[in-house]
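Novice: Got a structure for you, coords_3.csv, holding CSV, C-alpha atoms.
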chain,number,residue,atom,x,y,z
A,290,ASP,CA,53.4,-67.4,-49.7
A,291,THR,CA,56.5,-66.5,-47.6
A,292,GLY,CA,54.6,-64.5,-44.9
A,293,VAL,CA,53.7,-65.6,-41.3
A,294,SER,CA,51.2,-68.4,-41.3
A,295,GLN,CA,48.9,-69.5,-38.6
A,296,ASP,CA,46.8,-72.6,-38.2
A,297,PRO,CA,43.9,-73.0,-37.8
A,298,ARG,CA,42.3,-69.7,-38.9
A,299,HIS,CA,39.2,-70.4,-36.9
A,300,LYS,CA,38.6,-72.6,-33.9
A,301,ILE,CA,35.3,-73.1,-32.1
A,302,THR,CA,35.5,-75.1,-28.8
A,303,LYS,CA,33.4,-75.7,-25.8
A,304,ARG,CA,34.3,-74.3,-22.4
A,305,GLY,CA,36.8,-76.5,-20.6
A,306,GLN,CA,38.4,-78.0,-23.7
A,307,ASN,CA,42.1,-77.5,-24.5
A,308,VAL,CA,43.1,-75.8,-27.8
A,309,THR,CA,46.5,-75.4,-29.5
A,310,PHE,CA,47.4,-72.9,-32.2
A,311,ARG,CA,50.4,-73.0,-34.5
A,312,CYS,CA,52.5,-70.2,-35.9
A,313,ASP,CA,55.1,-70.5,-38.6
A,314,PRO,CA,57.2,-67.3,-38.8
A,315,ILE,CA,59.0,-66.0,-41.8
A,316,SER,CA,62.1,-68.1,-42.3
A,317,GLU,CA,65.2,-66.7,-40.8
A,318,HIS,CA,63.2,-64.5,-38.4
A,319,ASN,CA,64.6,-65.3,-35.0
A,320,ARG,CA,62.0,-63.3,-33.0
A,321,LEU,CA,58.4,-64.5,-32.6
A,322,TYR,CA,55.6,-62.8,-30.7
A,323,TRP,CA,52.1,-63.7,-29.7
A,324,TYR,CA,49.3,-61.2,-29.2
A,325,ARG,CA,45.7,-61.4,-28.3
A,326,GLN,CA,43.0,-59.1,-29.8
A,327,THR,CA,39.5,-58.8,-28.5
A,328,LEU,CA,36.7,-57.2,-30.5
A,329,GLY,CA,37.1,-53.4,-30.8
A,330,GLN,CA,40.5,-53.3,-29.2
A,331,GLY,CA,44.1,-53.3,-30.3
A,332,PRO,CA,46.3,-56.3,-29.9
A,333,GLU,CA,47.8,-57.0,-26.5
A,334,PHE,CA,51.2,-58.6,-26.1
A,335,LEU,CA,51.2,-62.1,-24.6
A,336,THR,CA,54.8,-63.4,-25.0
A,337,TYR,CA,58.0,-63.2,-27.0
A,338,PHE,CA,60.6,-65.7,-28.2
A,339,GLN,CA,64.1,-65.1,-29.4
A,340,ASN,CA,65.1,-68.3,-31.1
A,341,GLU,CA,63.8,-71.0,-28.8
A,342,ALA,CA,64.1,-68.9,-25.6
A,343,GLN,CA,60.9,-67.4,-24.2
A,344,LEU,CA,62.2,-64.1,-23.0
A,345,GLU,CA,59.1,-62.4,-21.8
A,346,LYS,CA,55.5,-63.2,-20.7
A,347,SER,CA,52.7,-60.8,-20.1
A,348,ARG,CA,50.7,-61.1,-16.9
A,349,LEU,CA,47.8,-61.7,-19.3
A,350,LEU,CA,49.3,-65.1,-19.9
A,351,SER,CA,47.7,-67.1,-17.0
A,352,ASP,CA,48.9,-70.5,-16.0
A,353,ARG,CA,46.3,-72.0,-18.4
A,354,PHE,CA,48.4,-70.6,-21.3
A,355,SER,CA,51.6,-72.1,-22.5
A,356,ALA,CA,53.7,-71.2,-25.5
A,357,GLU,CA,56.7,-73.1,-26.9
A,358,ARG,CA,59.1,-72.7,-29.8
A,359,PRO,CA,61.1,-75.9,-29.5
A,360,LYS,CA,63.5,-75.6,-32.3
A,361,GLY,CA,63.5,-71.9,-32.8
A,362,SER,CA,61.2,-72.1,-35.8
A,363,PHE,CA,57.5,-72.6,-35.5
A,364,SER,CA,55.7,-71.9,-32.2
A,365,THR,CA,52.6,-73.3,-30.5
A,366,LEU,CA,50.2,-71.6,-28.1
A,367,GLU,CA,48.1,-73.9,-26.0
A,368,ILE,CA,45.2,-72.8,-23.8
A,369,GLN,CA,44.0,-75.4,-21.3
A,370,ARG,CA,40.5,-75.5,-19.8
A,371,THR,CA,39.3,-72.7,-22.1
A,372,GLU,CA,36.9,-70.1,-20.7
A,373,GLN,CA,34.5,-67.8,-22.6
A,374,GLY,CA,36.7,-64.9,-21.8
A,375,ASP,CA,39.5,-66.5,-23.9
A,376,SER,CA,37.4,-65.8,-27.1
A,377,ALA,CA,39.6,-63.5,-29.1
A,378,MET,CA,41.8,-63.3,-32.2
A,379,TYR,CA,45.3,-64.7,-31.5
A,380,LEU,CA,47.9,-63.1,-33.6
A,381,CYS,CA,51.5,-64.2,-34.2
A,382,ALA,CA,54.2,-62.0,-35.5
A,383,SER,CA,57.9,-62.4,-36.4
A,384,SER,CA,60.8,-60.1,-36.9
A,385,PRO,CA,64.3,-60.5,-38.2
A,386,PRO,CA,67.5,-60.4,-36.2
A,387,GLY,CA,68.9,-56.9,-35.7
A,388,LEU,CA,71.2,-54.8,-33.6
A,389,ALA,CA,70.6,-54.9,-29.9
A,390,GLY,CA,68.1,-52.3,-28.9
A,391,VAL,CA,67.1,-51.6,-32.5
A,392,PHE,CA,63.5,-52.4,-33.3
A,393,ASN,CA,62.6,-54.1,-36.5
A,394,GLU,CA,59.2,-54.2,-38.1
A,395,GLN,CA,57.0,-57.0,-36.9
A,396,PHE,CA,55.3,-59.0,-39.6
A,397,PHE,CA,51.9,-60.3,-38.5
A,398,GLY,CA,50.1,-63.5,-39.5
A,399,PRO,CA,46.4,-63.6,-40.4
A,400,GLY,CA,45.5,-64.7,-36.8
A,401,THR,CA,43.5,-67.6,-35.3
A,402,ARG,CA,40.0,-66.6,-34.2
A,403,LEU,CA,38.9,-68.6,-31.1
A,404,THR,CA,35.3,-68.8,-30.1
A,405,VAL,CA,34.6,-70.5,-26.7
A,406,LEU,CA,31.0,-71.6,-26.3
B,57,SER,CA,46.3,-52.2,-20.6
B,58,GLN,CA,46.7,-50.2,-23.8
B,59,GLN,CA,49.6,-47.8,-24.1
B,60,GLY,CA,48.1,-45.6,-26.8
B,61,GLU,CA,44.8,-44.0,-27.6
B,62,GLU,CA,43.7,-43.1,-31.1
B,63,ASP,CA,41.4,-40.3,-31.9
B,64,PRO,CA,38.9,-40.3,-33.4
B,65,GLN,CA,37.5,-43.8,-32.7
B,66,ALA,CA,35.8,-43.7,-36.1
B,67,LEU,CA,36.1,-41.6,-39.2
B,68,SER,CA,33.9,-41.5,-42.4
B,69,ILE,CA,35.2,-39.6,-45.4
B,70,GLN,CA,34.5,-39.3,-49.1
B,71,GLU,CA,36.8,-40.9,-51.6
B,72,GLY,CA,39.5,-38.4,-52.5
B,73,GLU,CA,39.5,-36.6,-49.2
B,74,ASN,CA,42.3,-36.7,-46.7
B,75,ALA,CA,42.0,-38.7,-43.4
B,76,THR,CA,43.8,-37.7,-40.3
B,77,MET,CA,44.0,-39.6,-37.1
B,78,ASN,CA,45.9,-39.0,-33.9
B,79,CYS,CA,47.6,-41.2,-31.3
B,80,SER,CA,48.6,-40.3,-27.8
B,81,TYR,CA,50.8,-42.5,-25.6
B,82,LYS,CA,51.8,-42.4,-22.0
B,83,THR,CA,55.5,-43.5,-21.5
B,84,SER,CA,58.8,-42.8,-23.3
B,85,ILE,CA,59.3,-44.7,-26.5
B,86,ASN,CA,62.0,-45.8,-28.9
B,87,ASN,CA,59.7,-45.6,-31.9
B,88,LEU,CA,56.1,-45.5,-33.0
B,89,GLN,CA,54.5,-47.5,-35.7
B,90,TRP,CA,51.2,-47.4,-37.6
B,91,TYR,CA,49.5,-50.6,-38.7
B,92,ARG,CA,46.4,-51.2,-40.8
B,93,GLN,CA,43.9,-54.0,-40.2
B,94,ASN,CA,41.2,-55.0,-42.7
B,95,SER,CA,38.1,-56.5,-41.1
B,96,GLY,CA,38.9,-59.6,-39.2
B,97,ARG,CA,42.4,-60.0,-40.7
B,98,GLY,CA,46.0,-59.6,-39.6
B,99,LEU,CA,47.9,-56.4,-39.3
B,100,VAL,CA,49.8,-54.8,-42.1
B,101,HIS,CA,52.8,-52.5,-41.2
B,102,LEU,CA,52.5,-49.1,-42.7
B,103,ILE,CA,55.3,-46.9,-41.3
B,104,LEU,CA,57.8,-46.7,-38.5
B,105,ILE,CA,59.0,-43.4,-37.0
B,106,ARG,CA,61.8,-43.3,-34.6
B,107,SER,CA,61.8,-41.1,-31.5
B,108,ASN,CA,64.5,-38.8,-32.9
B,109,GLU,CA,62.4,-38.2,-36.1
B,110,ARG,CA,59.6,-35.6,-36.4
B,111,GLU,CA,58.0,-36.5,-39.7
B,112,LYS,CA,58.1,-39.3,-42.2
B,113,HIS,CA,56.4,-40.0,-45.6
B,114,SER,CA,55.6,-43.1,-47.4
B,115,GLY,CA,53.5,-42.8,-50.6
B,116,ARG,CA,50.2,-41.3,-49.6
B,117,LEU,CA,51.0,-41.6,-45.9
B,118,ARG,CA,52.5,-38.8,-43.7
B,119,VAL,CA,53.3,-39.5,-40.0
B,120,THR,CA,54.4,-36.9,-37.5
B,121,LEU,CA,55.7,-37.5,-34.0
B,122,ASP,CA,55.9,-35.0,-31.1
B,123,THR,CA,57.7,-36.7,-28.2
B,124,SER,CA,57.2,-33.6,-26.0
B,125,LYS,CA,53.4,-34.1,-26.3
B,126,LYS,CA,53.7,-37.9,-26.5
B,127,SER,CA,51.5,-37.8,-29.7
B,128,SER,CA,51.6,-38.8,-33.3
B,129,SER,CA,49.4,-38.3,-36.3
B,130,LEU,CA,48.8,-40.3,-39.4
B,131,LEU,CA,47.6,-38.5,-42.6
B,132,ILE,CA,46.3,-40.5,-45.5
B,133,THR,CA,46.0,-38.2,-48.6
B,134,ALA,CA,43.6,-38.7,-51.5
B,135,SER,CA,41.8,-41.6,-49.8
B,136,ARG,CA,40.5,-44.6,-51.7
B,137,ALA,CA,37.9,-47.2,-51.0
B,138,ALA,CA,40.7,-49.7,-50.3
B,139,ASP,CA,41.8,-47.5,-47.4
B,140,THR,CA,38.7,-48.6,-45.5
B,141,ALA,CA,40.2,-50.3,-42.4
B,142,SER,CA,41.1,-49.9,-38.8
B,143,TYR,CA,44.4,-48.1,-38.1
B,144,PHE,CA,46.4,-48.7,-35.0
B,145,CYS,CA,49.4,-46.9,-33.5
B,146,ALA,CA,51.9,-49.1,-31.7
B,147,THR,CA,54.8,-48.0,-29.5
B,148,ASP,CA,58.0,-49.8,-28.6
B,149,ALA,CA,59.8,-48.8,-25.4
B,150,GLY,CA,62.9,-50.7,-26.2
B,151,ASP,CA,61.8,-54.1,-25.0
B,152,TYR,CA,60.6,-55.4,-28.5
B,153,LYS,CA,57.0,-55.8,-27.5
B,154,LEU,CA,54.5,-53.5,-29.1
B,155,SER,CA,51.8,-51.6,-27.2
B,156,PHE,CA,48.8,-50.9,-29.3
B,157,GLY,CA,46.0,-48.4,-29.0
B,158,ALA,CA,42.3,-49.2,-29.6
B,159,GLY,CA,42.4,-48.0,-33.2
B,160,THR,CA,40.6,-45.7,-35.5
B,161,THR,CA,38.1,-47.2,-37.9
B,162,VAL,CA,38.1,-45.4,-41.2
B,163,THR,CA,35.4,-45.7,-43.8
B,164,VAL,CA,35.9,-44.3,-47.2
B,165,ARG,CA,32.7,-43.7,-49.1
B,166,ALA,CA,32.7,-44.1,-52.9
Starting from the file, give its structure as structure tokens.

Specialist:
Amino acid sequence: DTGVSQDPRHKITKRGQNVTFRCDPISEHNRLYWYRQTLGQGPEFLTYFQNEAQLEKSRLLSDRFSAERPKGSFSTLEIQRTEQGDSAMYLCASSPPGLAGVFNEQFFGPGTRLTVL
Amino acid sequence: SQQGEEDPQALSIQEGENATMNCSYKTSINNLQWYRQNSGRGLVHLILIRSNEREKHSGRLRVTLDTSKKSSSLLITASRAADTASYFCATDAGDYKLSFGAGTTVTVRA
């Protein structure tokens, strides 16, 4: 399978614990995005990487959230001291390099469903 | 906050009928995209329409865009049971991040 992969697919944790999710983009895609989706809503943008540089972070990304893409390939999203309100589907997407200002399709992974008890 | 709003929130149709859903957005965009999401899964890209385009077709899908009204519509013709899913419009304002609406849930009855 050469699509975007995410691990784990499901995570149940207790409030206050730290969790880390991984995203492997499609190879040669230099752009990587994280979104969060709560029940009944559309995804909301969290952060965006171009290669290893984190170029934008949403104000939704509190200081308990950190994302990395150390070698410009896979990315991790860590949530520290989880709260019940963090329960959501965390989606990763990637897109190929393109001309500046030209938007390319984002390819989404299957998501990681987080439940905080 | 969500950029777009889909209408209706839910739609139930008979197999073979057409399904139409609308999306309205608030700010200027570079392009608008439609995605499909099957229950509890990731999103699948359906079609992208750029701000200088008015209509686009892809198989059984037809998308229109009216930038003066800040609205778009997605038409699925000859619906099938496999079209049962949630459909989202997403806008890009030139900064690479997508802003999604809350989606339309479509149920196709056999």

Novice: Pick from B:Arg118, B:Thr163, B:Asp151, B:Val100: nearest to Ala382 (chain A), with all atoms listed in the file counted?

Specialist: B:Val100

Novice: In Å, with one decimal, what is the gap from CA of Leu102 (chain B) to CA of Arg348 (chain A)?

Specialist: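 Answer for the CA of Leu102 (chain B) to CA of Arg348 (chain A) separation: 28.5 Å.
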
Novice: From the list A:His299, A:Glu317, A:Asp352, A:Asn393, which residue is nearest Gly150 (chain B) when using all atoms listed in the file?

Specialist: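 The closest residue to Gly150 (chain B) is A:Asn393.
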
Novice: What gap, in Å, lies between CA of Pro359 (chain A) and CA of Leu99 (chain B)?

Specialist: 25.5 Å

Novice: For a quick test of understanding: name the residues of chain B lying within 9 Å of chain A when counting only C-alpha atoms, and present them as a PDB file with C-alpha atoms, keeping the file's coordinate frame.

Specialist:
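So selection_16.pdb came out as:
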ATOM      1  CA  SER B  57      46.300 -52.200 -20.600  1.00  0.00           C
ATOM      2  CA  GLN B  58      46.700 -50.200 -23.800  1.00  0.00           C
ATOM      3  CA  ASN B  86      62.000 -45.800 -28.900  1.00  0.00           C
ATOM      4  CA  ASN B  87      59.700 -45.600 -31.900  1.00  0.00           C
ATOM      5  CA  GLN B  89      54.500 -47.500 -35.700  1.00  0.00           C
ATOM      6  CA  GLY B  96      38.900 -59.600 -39.200  1.00  0.00           C
ATOM      7  CA  ARG B  97      42.400 -60.000 -40.700  1.00  0.00           C
ATOM      8  CA  GLY B  98      46.000 -59.600 -39.600  1.00  0.00           C
ATOM      9  CA  LEU B  99      47.900 -56.400 -39.300  1.00  0.00           C
ATOM     10  CA  VAL B 100      49.800 -54.800 -42.100  1.00  0.00           C
ATOM     11  CA  HIS B 101      52.800 -52.500 -41.200  1.00  0.00           C
ATOM     12  CA  ILE B 103      55.300 -46.900 -41.300  1.00  0.00           C
ATOM     13  CA  LEU B 104      57.800 -46.700 -38.500  1.00  0.00           C
ATOM     14  CA  PHE B 144      46.400 -48.700 -35.000  1.00  0.00           C
ATOM     15  CA  CYS B 145      49.400 -46.900 -33.500  1.00  0.00           C
ATOM     16  CA  ALA B 146      51.900 -49.100 -31.700  1.00  0.00           C
ATOM     17  CA  ASP B 148      58.000 -49.800 -28.600  1.00  0.00           C
ATOM     18  CA  GLY B 150      62.900 -50.700 -26.200  1.00  0.00           C
ATOM     19  CA  ASP B 151      61.800 -54.100 -25.000  1.00  0.00           C
ATOM     20  CA  TYR B 152      60.600 -55.400 -28.500  1.00  0.00           C
ATOM     21  CA  LYS B 153      57.000 -55.800 -27.500  1.00  0.00           C
ATOM     22  CA  LEU B 154      54.500 -53.500 -29.100  1.00  0.00           C
ATOM     23  CA  SER B 155      51.800 -51.600 -27.200  1.00  0.00           C
ATOM     24  CA  PHE B 156      48.800 -50.900 -29.300  1.00  0.00           C
ATOM     25  CA  GLY B 157      46.000 -48.400 -29.000  1.00  0.00           C
ATOM     26  CA  ALA B 158      42.300 -49.200 -29.600  1.00  0.00           C
ATOM     27  CA  GLY B 159      42.400 -48.000 -33.200  1.00  0.00           C
TER      28      GLY B 159
END

Novice: Quick one: pull the distance between CA of Ala356 (chain A) and CA of Ser316 (chain A), Å, one decimal.

Specialist: 19.0 Å

Novice: Please determine the residues with any atom at most 7 Å from (60.5, -65.8, -32.3) (coordinates as given in the file, with only C-alpha atoms counting) and report them as a short mmCIF file (atom, residue, chain, number, x, y, z; two decimals) with C-alpha atoms, keeping the file's coordinate frame.

Specialist:
data_model
loop_
_atom_site.label_atom_id
_atom_site.label_comp_id
_atom_site.auth_asym_id
_atom_site.auth_seq_id
_atom_site.Cartn_x
_atom_site.Cartn_y
_atom_site.Cartn_z
CA HIS A 318 63.20 -64.50 -38.40
CA ASN A 319 64.60 -65.30 -35.00
CA ARG A 320 62.00 -63.30 -33.00
CA LEU A 321 58.40 -64.50 -32.60
CA TYR A 322 55.60 -62.80 -30.70
CA TYR A 337 58.00 -63.20 -27.00
CA PHE A 338 60.60 -65.70 -28.20
CA GLN A 339 64.10 -65.10 -29.40
CA ASN A 340 65.10 -68.30 -31.10
CA GLY A 361 63.50 -71.90 -32.80
CA SER A 383 57.90 -62.40 -36.40
#

Novice: When you count all atoms listed in the file, which of these residues is closest to Ala134 (chain B): B:Ile69, B:Ala149, B:Met77, B:Val119?

Specialist: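 Among the listed residues, B:Ile69 lies closest to Ala134 (chain B).
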
Novice: Let me make sure I understand: among B:Thr76, B:Ser107, B:Ser124, B:Thr160, which one has the smallest atom-to-atom distance to Thr147 (chain B) if we use only C-alpha atoms?

Specialist: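 Nearest candidate to Thr147 (chain B) out of B:Thr76, B:Ser107, B:Ser124, B:Thr160: B:Ser107.
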
Novice: Leaving out Gly374 (chain A) and any residue of its chain fewer than 3 positions from it, which residues lie within 9 Å of it when counting only C-alpha atoms, given as a PDB file with C-alpha atoms, keeping the file's coordinate frame?

Specialist:
ATOM      1  CA  THR A 371      39.300 -72.700 -22.100  1.00  0.00           C
ATOM      2  CA  ALA A 377      39.600 -63.500 -29.100  1.00  0.00           C
ATOM      3  CA  VAL A 405      34.600 -70.500 -26.700  1.00  0.00           C
TER       4      VAL A 405
END

Novice: Can you list, as a short mmCIF file (atom, residue, chain, number, x, y, z; two decimals) with C-alpha atoms, in the coordinates of the input, every protein, DNA or RNA residue that comes within 10 Å of Glu73 (chain B) when you count all atoms listed in the file, leaving out same-chain residues fewer than 4 positions away?

Specialist:
data_model
loop_
_atom_site.label_atom_id
_atom_site.label_comp_id
_atom_site.auth_asym_id
_atom_site.auth_seq_id
_atom_site.Cartn_x
_atom_site.Cartn_y
_atom_site.Cartn_z
CA ILE B 69 35.20 -39.60 -45.40
CA ILE B 132 46.30 -40.50 -45.50
CA THR B 133 46.00 -38.20 -48.60
CA ALA B 134 43.60 -38.70 -51.50
CA SER B 135 41.80 -41.60 -49.80
CA ARG B 136 40.50 -44.60 -51.70
CA VAL B 164 35.90 -44.30 -47.20
CA ARG B 165 32.70 -43.70 -49.10
#

Novice: Looking at B:Ala66, B:Ala75, B:Ile105, B:Ala137, which one is nearest to Leu121 (chain B), with distances taken over all atoms listed in the file?

Specialist: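 Distance minimum relative to Leu121 (chain B) lands on B:Ile105.
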
Novice: Using all atoms listed in the file, find all polymer residues with an atom at most 7 Å away from the point (51.6, -76.7, -32.8); report them as a ChimeraX atom specification.

Specialist: /A:309-311,364-365

Novice: Starting from the incomplete input, reconstruct N, CA and C atoms of region 124-156 of chain B and write that as a short mmCIF file (atom, residue, chain, number, x, y, z; two decimals), in the frame of the given file.

Specialist:
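The file below, rebuild_20.cif, is the result:
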data_model
loop_
_atom_site.label_atom_id
_atom_site.label_comp_id
_atom_site.auth_asym_id
_atom_site.auth_seq_id
_atom_site.Cartn_x
_atom_site.Cartn_y
_atom_site.Cartn_z
N SER B 124 57.47 -34.51 -27.16
CA SER B 124 57.20 -33.60 -26.00
C SER B 124 55.74 -33.72 -25.60
N LYS B 125 54.88 -33.94 -26.57
CA LYS B 125 53.40 -34.10 -26.30
C LYS B 125 53.02 -35.53 -26.25
N LYS B 126 53.97 -36.43 -26.50
CA LYS B 126 53.70 -37.90 -26.50
C LYS B 126 52.47 -38.11 -27.48
N SER B 127 52.62 -37.64 -28.69
CA SER B 127 51.50 -37.80 -29.70
C SER B 127 52.08 -37.99 -31.06
N SER B 128 51.27 -38.61 -31.90
CA SER B 128 51.60 -38.80 -33.30
C SER B 128 50.36 -38.66 -34.12
N SER B 129 50.53 -38.34 -35.39
CA SER B 129 49.40 -38.30 -36.30
C SER B 129 49.70 -39.03 -37.56
N LEU B 130 48.67 -39.59 -38.15
CA LEU B 130 48.80 -40.30 -39.40
C LEU B 130 47.82 -39.59 -40.40
N LEU B 131 48.35 -39.14 -41.52
CA LEU B 131 47.60 -38.50 -42.60
C LEU B 131 47.57 -39.41 -43.79
N ILE B 132 46.40 -39.74 -44.28
CA ILE B 132 46.30 -40.50 -45.50
C ILE B 132 45.69 -39.48 -46.54
N THR B 133 46.44 -39.20 -47.59
CA THR B 133 46.00 -38.20 -48.60
C THR B 133 45.23 -38.95 -49.71
N ALA B 134 44.33 -38.23 -50.35
CA ALA B 134 43.60 -38.70 -51.50
C ALA B 134 43.08 -40.15 -51.28
N SER B 135 42.24 -40.27 -50.27
CA SER B 135 41.80 -41.60 -49.80
C SER B 135 41.08 -42.37 -50.92
N ARG B 136 41.17 -43.69 -50.80
CA ARG B 136 40.50 -44.60 -51.70
C ARG B 136 39.65 -45.57 -50.97
N ALA B 137 38.73 -46.22 -51.63
CA ALA B 137 37.90 -47.20 -51.00
C ALA B 137 38.69 -48.28 -50.29
N ALA B 138 39.81 -48.62 -50.89
CA ALA B 138 40.70 -49.70 -50.30
C ALA B 138 41.32 -49.27 -49.02
N ASP B 139 41.26 -47.99 -48.68
CA ASP B 139 41.80 -47.50 -47.40
C ASP B 139 40.88 -47.79 -46.24
N THR B 140 39.68 -48.24 -46.53
CA THR B 140 38.70 -48.60 -45.50
C THR B 140 39.32 -49.70 -44.62
N ALA B 141 39.53 -49.41 -43.34
CA ALA B 141 40.20 -50.30 -42.40
C ALA B 141 40.25 -49.72 -41.05
N SER B 142 40.80 -50.48 -40.13
CA SER B 142 41.10 -49.90 -38.80
C SER B 142 42.62 -49.64 -38.78
N TYR B 143 42.97 -48.53 -38.17
CA TYR B 143 44.40 -48.10 -38.10
C TYR B 143 44.78 -48.03 -36.65
N PHE B 144 45.93 -48.62 -36.36
CA PHE B 144 46.40 -48.70 -35.00
C PHE B 144 47.81 -48.06 -34.91
N CYS B 145 48.04 -47.32 -33.85
CA CYS B 145 49.40 -46.90 -33.50
C CYS B 145 49.94 -47.90 -32.51
N ALA B 146 51.23 -48.14 -32.57
CA ALA B 146 51.90 -49.10 -31.70
C ALA B 146 53.21 -48.51 -31.26
N THR B 147 53.52 -48.57 -29.97
CA THR B 147 54.80 -48.00 -29.50
C THR B 147 55.68 -49.13 -28.99
N ASP B 148 56.97 -48.86 -29.09
CA ASP B 148 58.00 -49.80 -28.60
C ASP B 148 58.87 -49.00 -27.63
N ALA B 149 59.00 -49.52 -26.42
CA ALA B 149 59.80 -48.80 -25.40
C ALA B 149 61.17 -49.42 -25.26
N GLY B 150 61.60 -50.18 -26.27
CA GLY B 150 62.90 -50.70 -26.20
C GLY B 150 62.98 -52.18 -25.76
N ASP B 151 61.81 -52.75 -25.54
CA ASP B 151 61.80 -54.10 -25.00
C ASP B 151 61.12 -55.07 -26.06
N TYR B 152 61.06 -54.64 -27.30
CA TYR B 152 60.60 -55.40 -28.50
C TYR B 152 59.13 -55.67 -28.52
N LYS B 153 58.41 -55.61 -27.43
CA LYS B 153 57.00 -55.80 -27.50
C LYS B 153 56.29 -54.54 -27.91
N LEU B 154 55.23 -54.66 -28.68
CA LEU B 154 54.50 -53.50 -29.10
C LEU B 154 53.28 -53.29 -28.21
N SER B 155 53.00 -52.02 -27.93
CA SER B 155 51.80 -51.60 -27.20
C SER B 155 50.90 -50.88 -28.11
N PHE B 156 49.71 -51.41 -28.33
CA PHE B 156 48.80 -50.90 -29.30
C PHE B 156 47.70 -50.02 -28.64
#
